[in-house]
Amino acid sequence: MRVYVPLTLPGLAEAHKAGVLGPAPLDAFAITPALREWYRSDDVEELEYAALGRAAQGSLRLLAADPEAPRRRVVVAVDVPEGAVATDPERGLDQSAYGEVRLSEAVPLAKAAAVHVDSGDAEEDVAAAAAALGAADRGDDDAQFTVDGAEDHELMWFGVQEIPNLI
């Protein structure tokens, strides 16, 4: 099963140094029944793109919590056995939890299929979005517009062997 783990660049550097994404439990995003229902598509590529987008939002939350991290969203795509993934049935109808999964154990970075990172030209919008996230969560429409501005930037694809150059 393909899952998308949100990180920051310092988090990616730690994972690279340790050789593992963790510690467990580890929050990630994947194609879940709730995501499928919300996105309303049977196309696996579209659903994976939606899960990647949800993970990018997760990365933005990590950036909001870490003002020292470079303002670039990071998502690591990894393949794990389905038995290693769990969803929270109590949050299944919560729109903010669509696609959310939890990994029961740390994942070797060698299992990563790709790394997705914002380009440098996204930093200003990502910084503004991270700063506005709290107000957006409280219902501020202007702040939500700013947060949505980060989503205008596509994450770039990198091979796992390129991680040293990213960090």
# chains A, B, ... in the order shown; residues from 1 in each chain; ligands from 1
>>> closest_atom_pairs(of="region 100-162 of chain A", to="region 11-18 of chain A", cutoff="10 Å", atoms="only C-alpha atoms", output="JSON lines")
{"residue": "A:Val107", "atom": "CA", "partner": "A:Ala15", "partner_atom": "CA", "distance": 9.7}
{"residue": "A:Pro108", "atom": "CA", "partner": "A:Ala15", "partner_atom": "CA", "distance": 8.8}
{"residue": "A:Leu109", "atom": "CA", "partner": "A:Ala15", "partner_atom": "CA", "distance": 7.0}
{"residue": "A:Ala110", "atom": "CA", "partner": "A:His16", "partner_atom": "CA", "distance": 9.6}
{"residue": "A:Val115", "atom": "CA", "partner": "A:Leu12", "partner_atom": "CA", "distance": 9.3}
{"residue": "A:Val160", "atom": "CA", "partner": "A:His16", "partner_atom": "CA", "distance": 9.7}
>>> select_by_dssp(residues="chain A", states="helix (DSSP H, G or I)", output="PyMOL selection string")
chain A and resi 9-18+33-39+44-65+82-84+89-91+95-97+109-111+120-137+141-150+160-166
>>> select_by_dssp(residues="region 1-162 of chain A", states="strand (DSSP E)", output="MDAnalysis selection string")
chainID A and resid 2:7 20:21 26:29 74:79 85:86 100:103 107:108 112:117 156:158
>>> write_last_selection(atoms="C-alpha atoms", output="PDB file, in the first residue's frame")
ATOM      1  CA  ARG A   2       1.330   3.440  -0.924  1.00  0.00           C
ATOM      2  CA  VAL A   3       1.280   5.959   1.923  1.00  0.00           C
ATOM      3  CA  TYR A   4       2.414   9.563   2.033  1.00  0.00           C
ATOM      4  CA  VAL A   5       4.322  10.735   5.104  1.00  0.00           C
ATOM      5  CA  PRO A   6       4.385  14.499   5.738  1.00  0.00           C
ATOM      6  CA  LEU A   7       7.699  15.924   6.910  1.00  0.00           C
ATOM      7  CA  VAL A  20      14.199   5.281   8.947  1.00  0.00           C
ATOM      8  CA  LEU A  21      10.940   7.228   9.003  1.00  0.00           C
ATOM      9  CA  LEU A  26       3.701   7.519  12.395  1.00  0.00           C
ATOM     10  CA  ASP A  27       0.973   9.687  10.864  1.00  0.00           C
ATOM     11  CA  ALA A  28       0.566   9.441   7.105  1.00  0.00           C
ATOM     12  CA  PHE A  29      -2.044   9.677   4.355  1.00  0.00           C
ATOM     13  CA  VAL A  74       7.995  17.693   2.181  1.00  0.00           C
ATOM     14  CA  VAL A  75       6.162  14.412   1.607  1.00  0.00           C
ATOM     15  CA  VAL A  76       7.786  10.977   1.409  1.00  0.00           C
ATOM     16  CA  ALA A  77       5.908   8.292  -0.549  1.00  0.00           C
ATOM     17  CA  VAL A  78       6.518   4.806   0.859  1.00  0.00           C
ATOM     18  CA  ASP A  79       5.118   1.362   0.173  1.00  0.00           C
ATOM     19  CA  VAL A  85      -1.694   0.780   8.307  1.00  0.00           C
ATOM     20  CA  ALA A  86      -4.660   1.654  10.515  1.00  0.00           C
ATOM     21  CA  GLU A 100      -5.397   9.973   7.416  1.00  0.00           C
ATOM     22  CA  VAL A 101      -3.744   6.723   8.500  1.00  0.00           C
ATOM     23  CA  ARG A 102      -1.329   5.661  11.204  1.00  0.00           C
ATOM     24  CA  LEU A 103       1.646   3.386  10.642  1.00  0.00           C
ATOM     25  CA  VAL A 107       9.531   2.466   7.988  1.00  0.00           C
ATOM     26  CA  PRO A 108      13.039   2.034   6.562  1.00  0.00           C
ATOM     27  CA  ALA A 112      10.579   5.077   0.000  1.00  0.00           C
ATOM     28  CA  ALA A 113       9.420   5.322  -3.583  1.00  0.00           C
ATOM     29  CA  ALA A 114       9.889   9.076  -3.944  1.00  0.00           C
ATOM     30  CA  VAL A 115      10.203  12.372  -2.132  1.00  0.00           C
ATOM     31  CA  HIS A 116       7.999  15.342  -3.006  1.00  0.00           C
ATOM     32  CA  VAL A 117       9.249  18.830  -2.090  1.00  0.00           C
ATOM     33  CA  MET A 156       8.289  18.422  -7.229  1.00  0.00           C
ATOM     34  CA  TRP A 157       9.222  14.740  -7.516  1.00  0.00           C
ATOM     35  CA  PHE A 158      12.651  13.502  -6.436  1.00  0.00           C
TER      36      PHE A 158
END
>>> closest_residue(among="A:Thr87, A:Gln161, A:Thr8, A:Thr32", to="Leu60 (chain A)", atoms="only C-alpha atoms")
A:Thr8
>>> decode(residues="region 123-165 of chain A", atoms="N, CA and C atoms", output="CSV table (one decimal), in the first residue's frame")
chain,number,residue,atom,x,y,z
A,123,GLU,N,8.4,29.1,-1.5
A,123,GLU,CA,8.7,29.4,-0.1
A,123,GLU,C,7.9,30.6,0.5
A,124,GLU,N,7.7,31.6,-0.3
A,124,GLU,CA,7.0,32.8,0.3
A,124,GLU,C,5.5,32.5,0.5
A,125,ASP,N,4.9,31.8,-0.4
A,125,ASP,CA,3.5,31.4,-0.2
A,125,ASP,C,3.3,30.3,0.9
A,126,VAL,N,4.3,29.4,1.0
A,126,VAL,CA,4.2,28.4,2.0
A,126,VAL,C,4.4,29.0,3.4
A,127,ALA,N,5.3,30.0,3.5
A,127,ALA,CA,5.6,30.7,4.8
A,127,ALA,C,4.3,31.4,5.2
A,128,ALA,N,3.7,32.1,4.2
A,128,ALA,CA,2.4,32.8,4.6
A,128,ALA,C,1.3,31.9,5.0
A,129,ALA,N,1.2,30.7,4.3
A,129,ALA,CA,0.2,29.8,4.6
A,129,ALA,C,0.4,29.2,6.0
A,130,ALA,N,1.7,28.9,6.4
A,130,ALA,CA,2.0,28.3,7.7
A,130,ALA,C,1.7,29.3,8.8
A,131,ALA,N,1.9,30.6,8.5
A,131,ALA,CA,1.6,31.7,9.5
A,131,ALA,C,0.1,31.9,9.6
A,132,ALA,N,-0.6,31.6,8.6
A,132,ALA,CA,-2.1,31.9,8.6
A,132,ALA,C,-2.9,30.6,9.0
A,133,LEU,N,-2.3,29.5,9.2
A,133,LEU,CA,-3.0,28.3,9.5
A,133,LEU,C,-3.9,28.3,10.7
A,134,GLY,N,-3.4,28.8,11.8
A,134,GLY,CA,-4.2,28.9,13.0
A,134,GLY,C,-5.4,29.7,12.8
A,135,ALA,N,-5.3,30.9,12.2
A,135,ALA,CA,-6.5,31.7,11.9
A,135,ALA,C,-7.5,31.0,11.0
A,136,ALA,N,-6.9,30.3,10.0
A,136,ALA,CA,-7.8,29.6,9.1
A,136,ALA,C,-8.6,28.5,9.8
A,137,ASP,N,-7.9,27.8,10.7
A,137,ASP,CA,-8.6,26.8,11.5
A,137,ASP,C,-9.7,27.3,12.3
A,138,ARG,N,-9.6,28.6,12.7
A,138,ARG,CA,-10.6,29.3,13.5
A,138,ARG,C,-11.7,29.9,12.6
A,139,GLY,N,-11.7,29.7,11.3
A,139,GLY,CA,-12.7,30.1,10.4
A,139,GLY,C,-12.5,31.4,9.7
A,140,ASP,N,-11.3,32.0,9.8
A,140,ASP,CA,-11.0,33.2,9.1
A,140,ASP,C,-10.9,33.0,7.6
A,141,ASP,N,-11.8,33.5,6.8
A,141,ASP,CA,-11.8,33.3,5.4
A,141,ASP,C,-10.6,33.8,4.7
A,142,ASP,N,-10.1,35.0,5.1
A,142,ASP,CA,-8.9,35.6,4.5
A,142,ASP,C,-7.7,34.7,4.7
A,143,ALA,N,-7.6,34.2,6.0
A,143,ALA,CA,-6.5,33.3,6.3
A,143,ALA,C,-6.6,32.0,5.5
A,144,GLN,N,-7.8,31.5,5.3
A,144,GLN,CA,-8.0,30.3,4.5
A,144,GLN,C,-7.5,30.5,3.1
A,145,PHE,N,-7.8,31.7,2.6
A,145,PHE,CA,-7.4,32.0,1.2
A,145,PHE,C,-5.9,32.0,1.1
A,146,THR,N,-5.2,32.5,2.1
A,146,THR,CA,-3.7,32.4,2.2
A,146,THR,C,-3.2,31.0,2.3
A,147,VAL,N,-3.8,30.2,3.1
A,147,VAL,CA,-3.5,28.8,3.2
A,147,VAL,C,-3.6,28.1,1.9
A,148,ASP,N,-4.8,28.3,1.2
A,148,ASP,CA,-5.0,27.7,-0.1
A,148,ASP,C,-4.0,28.1,-1.1
A,149,GLY,N,-3.4,29.3,-0.9
A,149,GLY,CA,-2.3,29.7,-1.9
A,149,GLY,C,-1.2,28.8,-2.0
A,150,ALA,N,-0.8,28.1,-0.9
A,150,ALA,CA,0.3,27.2,-0.9
A,150,ALA,C,-0.1,26.0,-1.8
A,151,GLU,N,-1.3,25.7,-1.9
A,151,GLU,CA,-1.8,24.5,-2.8
A,151,GLU,C,-1.7,24.9,-4.3
A,152,ASP,N,-1.4,26.1,-4.6
A,152,ASP,CA,-1.2,26.5,-6.0
A,152,ASP,C,0.1,26.0,-6.5
A,153,HIS,N,1.0,25.6,-5.6
A,153,HIS,CA,2.3,25.1,-6.0
A,153,HIS,C,2.3,23.6,-6.0
A,154,GLU,N,2.7,23.0,-7.1
A,154,GLU,CA,2.9,21.6,-7.2
A,154,GLU,C,4.2,21.2,-6.5
A,155,LEU,N,4.1,20.1,-5.7
A,155,LEU,CA,5.3,19.5,-5.2
A,155,LEU,C,6.1,18.9,-6.3
A,156,MET,N,7.4,19.0,-6.2
A,156,MET,CA,8.3,18.4,-7.2
A,156,MET,C,8.6,17.0,-6.8
A,157,TRP,N,8.9,16.1,-7.8
A,157,TRP,CA,9.2,14.7,-7.5
A,157,TRP,C,10.7,14.6,-7.5
A,158,PHE,N,11.2,13.8,-6.5
A,158,PHE,CA,12.7,13.5,-6.4
A,158,PHE,C,12.8,12.0,-6.1
A,159,GLY,N,13.8,11.4,-6.7
A,159,GLY,CA,14.2,10.1,-6.3
A,159,GLY,C,14.8,10.0,-5.0
A,160,VAL,N,14.7,8.9,-4.3
A,160,VAL,CA,15.3,8.7,-3.0
A,160,VAL,C,16.8,9.0,-3.0
A,161,GLN,N,17.5,8.7,-4.0
A,161,GLN,CA,18.9,8.9,-4.1
A,161,GLN,C,19.2,10.4,-4.1
A,162,GLU,N,18.2,11.3,-4.3
A,162,GLU,CA,18.5,12.7,-4.4
A,162,GLU,C,18.3,13.4,-3.0
A,163,ILE,N,17.9,12.6,-2.0
A,163,ILE,CA,17.7,13.2,-0.6
A,163,ILE,C,18.9,14.0,-0.1
A,164,PRO,N,20.2,13.5,-0.3
A,164,PRO,CA,21.3,14.3,0.2
A,164,PRO,C,21.4,15.7,-0.4
A,165,ASN,N,21.0,15.8,-1.7
A,165,ASN,CA,21.0,17.1,-2.3
A,165,ASN,C,19.9,18.0,-1.8
